[in-house]
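Structure data follow from data_11.txt (compact mmCIF, N, CA and C atoms and all ligand atoms):
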```
# COMPACT_ATOMS: atom_id res chain seq x y z
N MET K 1 1.80 -20.61 -32.51
CA MET K 1 0.83 -20.08 -33.47
C MET K 1 -0.20 -21.17 -33.83
N LYS K 2 0.33 -22.34 -34.20
CA LYS K 2 -0.56 -23.41 -34.62
C LYS K 2 -1.48 -23.82 -33.47
N LYS K 3 -0.90 -23.83 -32.31
CA LYS K 3 -1.64 -24.21 -31.12
C LYS K 3 -2.83 -23.25 -30.91
N ASP K 4 -2.54 -21.97 -31.11
CA ASP K 4 -3.58 -20.96 -30.95
C ASP K 4 -4.75 -21.21 -31.89
N LEU K 5 -4.41 -21.50 -33.14
CA LEU K 5 -5.45 -21.71 -34.14
C LEU K 5 -6.32 -22.91 -33.75
N ASN K 6 -5.67 -23.96 -33.30
CA ASN K 6 -6.43 -25.13 -32.86
C ASN K 6 -7.36 -24.77 -31.71
N TYR K 7 -6.84 -23.96 -30.82
CA TYR K 7 -7.61 -23.56 -29.66
C TYR K 7 -8.84 -22.78 -30.09
N ILE K 8 -8.62 -21.84 -31.00
CA ILE K 8 -9.74 -21.02 -31.47
C ILE K 8 -10.76 -21.89 -32.20
N ALA K 9 -10.27 -22.79 -33.05
CA ALA K 9 -11.17 -23.68 -33.76
C ALA K 9 -12.00 -24.50 -32.77
N GLY K 10 -11.37 -24.93 -31.72
CA GLY K 10 -12.06 -25.69 -30.69
C GLY K 10 -13.14 -24.85 -30.03
N LEU K 11 -12.78 -23.61 -29.75
CA LEU K 11 -13.74 -22.70 -29.13
C LEU K 11 -14.95 -22.52 -30.03
N GLU K 12 -14.68 -22.30 -31.31
CA GLU K 12 -15.77 -22.08 -32.25
C GLU K 12 -16.73 -23.27 -32.27
N LYS K 13 -16.13 -24.44 -32.20
CA LYS K 13 -16.96 -25.65 -32.19
C LYS K 13 -17.90 -25.63 -30.99
N VAL K 14 -17.33 -25.31 -29.85
CA VAL K 14 -18.11 -25.30 -28.61
C VAL K 14 -19.21 -24.25 -28.70
N ILE K 15 -18.83 -23.06 -29.18
CA ILE K 15 -19.81 -21.96 -29.27
C ILE K 15 -20.92 -22.33 -30.23
N LYS K 16 -20.52 -22.92 -31.36
CA LYS K 16 -21.50 -23.29 -32.37
C LYS K 16 -22.51 -24.29 -31.80
N LYS K 17 -21.95 -25.23 -31.06
CA LYS K 17 -22.79 -26.26 -30.46
C LYS K 17 -23.79 -25.63 -29.50
N LYS K 18 -23.31 -24.65 -28.78
CA LYS K 18 -24.11 -24.07 -27.72
C LYS K 18 -25.10 -23.04 -28.24
N TYR K 19 -24.64 -22.20 -29.15
CA TYR K 19 -25.48 -21.07 -29.53
C TYR K 19 -25.95 -21.11 -31.00
N GLY K 20 -25.46 -22.07 -31.74
CA GLY K 20 -25.86 -22.13 -33.14
C GLY K 20 -24.93 -21.32 -34.03
N ASP K 21 -25.18 -21.41 -35.35
CA ASP K 21 -24.28 -20.80 -36.33
C ASP K 21 -24.10 -19.30 -36.14
N GLU K 22 -25.16 -18.61 -35.84
CA GLU K 22 -25.12 -17.16 -35.82
C GLU K 22 -24.03 -16.59 -34.93
N ALA K 23 -23.77 -17.28 -33.85
CA ALA K 23 -22.83 -16.75 -32.87
C ALA K 23 -21.43 -16.57 -33.42
N ILE K 24 -21.03 -17.42 -34.37
CA ILE K 24 -19.66 -17.30 -34.84
C ILE K 24 -19.54 -16.59 -36.18
N ILE K 25 -20.64 -16.14 -36.74
CA ILE K 25 -20.54 -15.30 -37.93
C ILE K 25 -19.91 -13.99 -37.50
N ASN K 26 -19.10 -13.42 -38.37
CA ASN K 26 -18.46 -12.14 -38.09
C ASN K 26 -19.47 -11.17 -37.46
N PRO K 27 -19.17 -10.71 -36.27
CA PRO K 27 -20.15 -9.85 -35.58
C PRO K 27 -20.50 -8.60 -36.38
N ARG K 28 -19.62 -8.20 -37.28
CA ARG K 28 -19.88 -7.00 -38.09
C ARG K 28 -21.17 -7.13 -38.90
N SER K 29 -21.52 -8.35 -39.25
CA SER K 29 -22.67 -8.53 -40.13
C SER K 29 -23.97 -8.06 -39.48
N GLY K 30 -24.03 -8.11 -38.19
CA GLY K 30 -25.24 -7.65 -37.52
C GLY K 30 -24.98 -6.37 -36.76
N TRP K 31 -24.10 -5.58 -37.26
CA TRP K 31 -23.55 -4.47 -36.49
C TRP K 31 -23.66 -3.20 -37.31
N SER K 32 -24.21 -2.16 -36.77
CA SER K 32 -24.31 -0.91 -37.53
C SER K 32 -23.42 0.15 -36.89
N ASP K 33 -23.16 1.20 -37.63
CA ASP K 33 -22.36 2.28 -37.09
C ASP K 33 -22.98 2.86 -35.82
N GLU K 34 -24.30 2.91 -35.89
CA GLU K 34 -25.03 3.46 -34.75
C GLU K 34 -24.77 2.64 -33.48
N LYS K 35 -24.86 1.32 -33.67
CA LYS K 35 -24.63 0.43 -32.55
C LYS K 35 -23.20 0.58 -32.03
N GLU K 36 -22.29 0.72 -32.99
CA GLU K 36 -20.90 0.82 -32.60
C GLU K 36 -20.66 2.09 -31.79
N GLN K 37 -21.28 3.17 -32.22
CA GLN K 37 -21.15 4.44 -31.50
C GLN K 37 -21.71 4.28 -30.08
N ASP K 38 -22.84 3.64 -30.02
CA ASP K 38 -23.50 3.40 -28.74
C ASP K 38 -22.59 2.61 -27.81
N TYR K 39 -22.00 1.57 -28.37
CA TYR K 39 -21.11 0.71 -27.60
C TYR K 39 -19.90 1.50 -27.11
N ALA K 40 -19.34 2.32 -28.01
CA ALA K 40 -18.18 3.13 -27.65
C ALA K 40 -18.52 4.06 -26.49
N ASN K 41 -19.71 4.62 -26.55
CA ASN K 41 -20.13 5.52 -25.47
C ASN K 41 -20.23 4.79 -24.14
N GLN K 42 -20.79 3.59 -24.22
CA GLN K 42 -20.93 2.80 -22.99
C GLN K 42 -19.57 2.48 -22.37
N VAL K 43 -18.64 2.09 -23.23
CA VAL K 43 -17.31 1.76 -22.74
C VAL K 43 -16.67 2.98 -22.11
N LYS K 44 -16.84 4.12 -22.78
CA LYS K 44 -16.28 5.37 -22.28
C LYS K 44 -16.86 5.71 -20.91
N ALA K 45 -18.17 5.58 -20.81
CA ALA K 45 -18.85 5.92 -19.56
C ALA K 45 -18.36 5.01 -18.43
N LEU K 46 -18.15 3.75 -18.79
CA LEU K 46 -17.69 2.79 -17.81
C LEU K 46 -16.32 3.19 -17.25
N HIS K 47 -15.45 3.61 -18.17
CA HIS K 47 -14.11 3.99 -17.74
C HIS K 47 -14.14 5.24 -16.90
N GLU K 48 -15.00 6.17 -17.28
CA GLU K 48 -15.03 7.44 -16.56
C GLU K 48 -15.62 7.29 -15.17
N SER K 49 -16.49 6.28 -15.01
CA SER K 49 -17.14 6.11 -13.71
C SER K 49 -16.18 5.55 -12.67
N GLU K 50 -15.07 4.98 -13.13
CA GLU K 50 -14.09 4.47 -12.18
C GLU K 50 -13.21 5.60 -11.68
N SER K 51 -13.13 5.73 -10.39
CA SER K 51 -12.27 6.79 -9.88
C SER K 51 -10.81 6.39 -10.05
N PRO K 52 -9.97 7.36 -10.31
CA PRO K 52 -8.58 7.07 -10.69
C PRO K 52 -7.76 6.42 -9.59
N ASP K 53 -8.14 6.61 -8.33
CA ASP K 53 -7.30 6.04 -7.27
C ASP K 53 -7.64 4.58 -6.98
N GLU K 54 -8.63 4.05 -7.68
CA GLU K 54 -8.94 2.64 -7.49
C GLU K 54 -8.03 1.80 -8.37
N SER K 55 -7.22 0.99 -7.77
CA SER K 55 -6.32 0.19 -8.57
C SER K 55 -6.02 -1.13 -7.87
N PHE K 56 -5.32 -1.96 -8.57
CA PHE K 56 -5.03 -3.29 -8.06
C PHE K 56 -3.55 -3.43 -7.74
N GLU K 57 -3.27 -4.25 -6.77
CA GLU K 57 -1.88 -4.48 -6.42
C GLU K 57 -1.55 -5.96 -6.62
N ASP K 58 -0.35 -6.19 -7.14
CA ASP K 58 0.06 -7.55 -7.41
C ASP K 58 0.57 -8.18 -6.13
N LEU K 59 -0.16 -9.17 -5.63
CA LEU K 59 0.22 -9.83 -4.39
C LEU K 59 0.46 -11.30 -4.68
N ASN K 60 1.72 -11.69 -4.68
CA ASN K 60 2.09 -13.07 -5.00
C ASN K 60 1.45 -13.54 -6.31
N GLY K 61 1.44 -12.67 -7.29
CA GLY K 61 0.91 -13.05 -8.59
C GLY K 61 -0.59 -12.94 -8.69
N VAL K 62 -1.25 -12.53 -7.61
CA VAL K 62 -2.69 -12.37 -7.65
C VAL K 62 -3.01 -10.88 -7.56
N LEU K 63 -3.87 -10.42 -8.46
CA LEU K 63 -4.24 -9.02 -8.41
C LEU K 63 -5.30 -8.80 -7.35
N ILE K 64 -4.98 -7.98 -6.39
CA ILE K 64 -5.91 -7.71 -5.29
C ILE K 64 -6.23 -6.23 -5.28
N HIS K 65 -7.49 -5.93 -5.09
CA HIS K 65 -7.88 -4.53 -5.05
C HIS K 65 -7.27 -3.86 -3.83
N LYS K 66 -6.75 -2.66 -4.05
CA LYS K 66 -6.03 -1.99 -2.96
C LYS K 66 -6.92 -1.77 -1.75
N LYS K 67 -8.20 -1.56 -2.00
CA LYS K 67 -9.14 -1.40 -0.89
C LYS K 67 -9.11 -2.61 0.03
N LEU K 68 -9.07 -3.80 -0.59
CA LEU K 68 -9.08 -5.03 0.19
C LEU K 68 -7.79 -5.17 0.99
N ILE K 69 -6.69 -4.77 0.37
CA ILE K 69 -5.40 -4.87 1.06
C ILE K 69 -5.41 -3.97 2.28
N LYS K 70 -5.93 -2.78 2.12
CA LYS K 70 -6.02 -1.85 3.24
C LYS K 70 -6.81 -2.48 4.37
N GLU K 71 -7.95 -3.06 4.01
CA GLU K 71 -8.79 -3.68 5.02
C GLU K 71 -8.05 -4.80 5.73
N ARG K 72 -7.37 -5.60 4.93
CA ARG K 72 -6.69 -6.75 5.51
C ARG K 72 -5.62 -6.30 6.49
N LYS K 73 -5.00 -5.16 6.21
CA LYS K 73 -3.90 -4.72 7.05
C LYS K 73 -4.34 -4.42 8.47
N ARG K 74 -5.58 -3.99 8.62
CA ARG K 74 -5.96 -3.66 10.00
C ARG K 74 -6.73 -4.80 10.66
N LYS K 75 -6.84 -5.92 10.00
CA LYS K 75 -7.48 -7.07 10.61
C LYS K 75 -6.49 -7.82 11.48
N GLN K 76 -6.96 -8.31 12.60
CA GLN K 76 -6.12 -9.20 13.38
C GLN K 76 -6.96 -10.25 14.08
N CYS K 77 -6.33 -11.37 14.35
CA CYS K 77 -7.01 -12.50 14.97
C CYS K 77 -7.55 -12.11 16.34
N CYS K 78 -8.79 -12.46 16.61
CA CYS K 78 -9.40 -12.07 17.88
C CYS K 78 -8.90 -12.95 19.01
N THR K 79 -8.20 -14.02 18.68
CA THR K 79 -7.74 -14.95 19.70
C THR K 79 -6.27 -14.72 20.07
N CYS K 80 -5.40 -14.68 19.07
CA CYS K 80 -3.97 -14.53 19.37
C CYS K 80 -3.43 -13.18 18.92
N SER K 81 -4.28 -12.35 18.34
CA SER K 81 -3.90 -11.01 17.90
C SER K 81 -2.88 -11.00 16.76
N GLU K 82 -2.69 -12.12 16.13
CA GLU K 82 -1.84 -12.16 14.95
C GLU K 82 -2.51 -11.37 13.83
N LYS K 83 -1.68 -10.77 12.98
CA LYS K 83 -2.26 -10.05 11.85
C LYS K 83 -2.76 -11.05 10.81
N ILE K 84 -3.80 -10.64 10.11
CA ILE K 84 -4.32 -11.47 9.03
C ILE K 84 -3.46 -11.22 7.80
N LYS K 85 -2.70 -12.24 7.40
CA LYS K 85 -1.66 -12.02 6.41
C LYS K 85 -1.95 -12.63 5.05
N ASN K 86 -2.58 -13.78 5.04
CA ASN K 86 -2.75 -14.43 3.74
C ASN K 86 -4.19 -14.86 3.52
N LEU K 87 -4.40 -15.51 2.40
CA LEU K 87 -5.77 -15.88 2.02
C LEU K 87 -6.40 -16.85 3.02
N ASP K 88 -5.59 -17.78 3.55
CA ASP K 88 -6.12 -18.73 4.53
C ASP K 88 -6.63 -17.97 5.75
N ASP K 89 -5.76 -17.06 6.24
CA ASP K 89 -6.15 -16.25 7.39
C ASP K 89 -7.43 -15.48 7.08
N ASP K 90 -7.42 -14.91 5.90
CA ASP K 90 -8.54 -14.05 5.52
C ASP K 90 -9.85 -14.82 5.52
N THR K 91 -9.80 -16.04 4.98
CA THR K 91 -11.01 -16.86 4.91
C THR K 91 -11.52 -17.17 6.32
N CYS K 92 -10.59 -17.55 7.21
CA CYS K 92 -10.98 -17.88 8.57
C CYS K 92 -11.45 -16.63 9.30
N TYR K 93 -10.80 -15.52 9.01
CA TYR K 93 -11.19 -14.27 9.68
C TYR K 93 -12.61 -13.88 9.31
N THR K 94 -12.91 -14.04 8.03
CA THR K 94 -14.26 -13.68 7.57
C THR K 94 -15.32 -14.47 8.32
N LYS K 95 -15.00 -15.75 8.57
CA LYS K 95 -15.99 -16.60 9.21
C LYS K 95 -15.96 -16.52 10.73
N TYR K 96 -14.74 -16.52 11.30
CA TYR K 96 -14.63 -16.67 12.75
C TYR K 96 -13.80 -15.59 13.45
N GLN K 97 -13.33 -14.62 12.68
CA GLN K 97 -12.48 -13.55 13.25
C GLN K 97 -11.19 -14.09 13.86
N THR K 98 -10.68 -15.18 13.32
CA THR K 98 -9.40 -15.68 13.79
C THR K 98 -8.46 -15.88 12.61
N CYS K 99 -7.18 -16.11 12.94
CA CYS K 99 -6.24 -16.46 11.89
C CYS K 99 -6.39 -17.95 11.58
N PHE K 100 -5.70 -18.38 10.53
CA PHE K 100 -5.80 -19.77 10.10
C PHE K 100 -5.31 -20.72 11.19
N LYS K 101 -4.21 -20.32 11.85
CA LYS K 101 -3.61 -21.15 12.88
C LYS K 101 -4.62 -21.43 14.00
N CYS K 102 -5.29 -20.38 14.43
CA CYS K 102 -6.26 -20.55 15.51
C CYS K 102 -7.47 -21.35 15.04
N TYR K 103 -7.79 -21.18 13.77
CA TYR K 103 -8.89 -21.99 13.24
C TYR K 103 -8.56 -23.47 13.38
N ILE K 104 -7.32 -23.82 12.97
CA ILE K 104 -6.91 -25.22 13.06
C ILE K 104 -6.88 -25.68 14.52
N ASN K 105 -6.34 -24.82 15.39
CA ASN K 105 -6.18 -25.20 16.79
C ASN K 105 -7.51 -25.29 17.55
N TYR K 106 -8.40 -24.39 17.28
CA TYR K 106 -9.56 -24.26 18.18
C TYR K 106 -10.92 -24.48 17.51
N ILE K 107 -10.97 -24.34 16.21
CA ILE K 107 -12.30 -24.32 15.60
C ILE K 107 -12.58 -25.53 14.71
N GLU K 108 -11.58 -25.92 13.94
CA GLU K 108 -11.82 -26.99 12.98
C GLU K 108 -12.42 -28.21 13.66
N GLY K 109 -13.55 -28.64 13.15
CA GLY K 109 -14.23 -29.80 13.71
C GLY K 109 -15.08 -29.48 14.92
N ARG K 110 -14.92 -28.23 15.43
CA ARG K 110 -15.69 -27.82 16.61
C ARG K 110 -16.37 -26.48 16.37
N GLU K 111 -16.76 -26.28 15.11
CA GLU K 111 -17.34 -25.00 14.72
C GLU K 111 -18.51 -24.60 15.61
N GLN K 112 -19.32 -25.61 15.96
CA GLN K 112 -20.53 -25.34 16.72
C GLN K 112 -20.19 -24.69 18.06
N ARG K 113 -19.18 -25.27 18.71
CA ARG K 113 -18.76 -24.77 20.01
C ARG K 113 -18.32 -23.30 19.87
N TRP K 114 -17.56 -23.04 18.81
CA TRP K 114 -17.05 -21.70 18.59
C TRP K 114 -18.20 -20.72 18.36
N LEU K 115 -19.14 -21.15 17.54
CA LEU K 115 -20.26 -20.28 17.21
C LEU K 115 -21.13 -20.00 18.43
N GLN K 116 -21.08 -20.93 19.38
CA GLN K 116 -21.88 -20.73 20.60
C GLN K 116 -21.19 -19.80 21.58
N GLY K 117 -20.00 -19.37 21.23
CA GLY K 117 -19.34 -18.36 22.05
C GLY K 117 -18.12 -18.85 22.81
N TRP K 118 -17.78 -20.13 22.66
CA TRP K 118 -16.61 -20.64 23.35
C TRP K 118 -15.34 -19.98 22.82
N ARG K 119 -14.44 -19.59 23.70
CA ARG K 119 -13.15 -19.06 23.28
C ARG K 119 -12.05 -19.68 24.14
N PRO K 120 -10.89 -19.93 23.57
CA PRO K 120 -9.79 -20.51 24.34
C PRO K 120 -9.27 -19.52 25.38
N ASN K 121 -8.80 -20.04 26.50
CA ASN K 121 -8.20 -19.18 27.53
C ASN K 121 -6.70 -19.06 27.30
N ASN K 122 -6.11 -18.06 27.92
CA ASN K 122 -4.66 -17.93 27.96
C ASN K 122 -3.99 -17.81 26.60
N VAL K 123 -4.70 -17.45 25.61
CA VAL K 123 -4.06 -17.39 24.29
C VAL K 123 -3.44 -16.02 24.05
N ARG K 124 -4.06 -15.00 24.62
CA ARG K 124 -3.55 -13.66 24.40
C ARG K 124 -2.17 -13.46 25.00
N GLU K 125 -1.89 -14.20 26.09
CA GLU K 125 -0.54 -14.10 26.66
C GLU K 125 0.43 -14.90 25.82
N ASN K 126 1.67 -14.44 25.85
CA ASN K 126 2.68 -15.13 25.04
C ASN K 126 3.17 -16.38 25.75
N THR K 127 2.43 -17.43 25.60
CA THR K 127 2.84 -18.69 26.22
C THR K 127 3.86 -19.39 25.35
N THR K 128 4.90 -19.92 25.99
CA THR K 128 5.95 -20.59 25.23
C THR K 128 5.54 -22.01 24.87
N ASN K 129 4.91 -22.68 25.82
CA ASN K 129 4.48 -24.04 25.49
C ASN K 129 3.12 -24.02 24.82
N ASN K 130 3.03 -24.74 23.79
CA ASN K 130 1.85 -24.69 22.94
C ASN K 130 0.76 -25.60 23.48
N SER K 131 0.17 -25.23 24.59
CA SER K 131 -0.82 -26.12 25.19
C SER K 131 -2.15 -26.01 24.49
N ARG K 132 -2.68 -27.14 24.13
CA ARG K 132 -3.99 -27.17 23.49
C ARG K 132 -5.06 -27.31 24.58
N PRO K 133 -6.22 -26.81 24.32
CA PRO K 133 -7.29 -26.99 25.31
C PRO K 133 -7.60 -28.47 25.46
N SER K 134 -7.74 -28.90 26.72
CA SER K 134 -7.97 -30.32 26.94
C SER K 134 -9.28 -30.77 26.35
N SER K 135 -9.20 -31.85 25.64
CA SER K 135 -10.43 -32.39 25.08
C SER K 135 -10.54 -33.84 25.52
N GLY K 136 -11.70 -34.36 25.48
CA GLY K 136 -11.88 -35.74 25.89
C GLY K 136 -13.07 -35.88 26.78
N SER K 137 -12.81 -36.16 28.05
CA SER K 137 -13.89 -36.45 28.99
C SER K 137 -15.10 -35.57 28.76
N GLY K 138 -16.07 -36.11 28.17
CA GLY K 138 -17.22 -35.28 27.96
C GLY K 138 -18.30 -36.17 27.59
ZN ZN D 201 -4.85 -16.49 15.82
```
Go ahead and express the file in the form of structure tokens.
Ligand SMILES: [Zn+2]
Amino acid sequence: MKKDLNYIAGLEKVIKKKYGDEAIINPRSGWSDEKEQDYANQVKALHESESPDESFEDLNGVLIHKKLIKERKRKQCCTCSEKIKNLDDDTCYTKYQTCFKCYINYIEGREQRWLQGWRPNNVRENTTNNSRPSSGSG
């Protein structure tokens, strides 16, 4: 409880510094019934405009929009065909259409080559030995 009060007091200080005294005066003082009604209407309209099937799913403690999850499910790495499973994969997929693993293996530090159209060979087949593309002589 005490901690909360200190926190709020701290916030008020910051707000006051930034916006001046008016900002922390009870908002009711500059508030009329008319305005309140208007605000209530806006909030109502906002809620009604959201379609009911739009919702969020808890993914490892992060709320993700279900639409995004659906999209992610059908994404797969263009190099090894692995599914895009996590945020790392997703970030790399957005940029390079690969999973995180392939980004590390083939793209990191060589983005230019990738963007120019270079793609690793023999990756689509299930190779047991993890051969990296030869680099060096160049
Ligand atoms: Zn991959």
Pick out the residues no farther than 5 Å from ligand ZN 201 (chain D), counting all atoms listed in the file, and list them as an MDAnalysis selection string.
-> chainID K and resid 77 79:82 98:99 102
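One distance worth recording is that between atom CA of K:Gln97 and atom CA of K:Cys78, which is 5.8 Å.
With only C-alpha atoms taken into account, the protein and nucleic acid residues at most 9 Å from stretch 89-92 of chain K (excluding it and anything under 2 positions from it in its own chain) are Arg72, Lys75, Cys77, Lys83, Ile84, Lys85, Asn86, Leu87, Thr94, Lys95, Tyr96, Gln97, Thr98, Cys99, Phe100, Lys101, Cys102 and Tyr103 of chain K.
A straight line drawn from atom N of K:Leu68 to atom C of K:Phe56 is 9.0 Å long.
Taking atom CA of K:Lys67 as the reference point, atom N of K:Asp88 is found at 17.3 Å.
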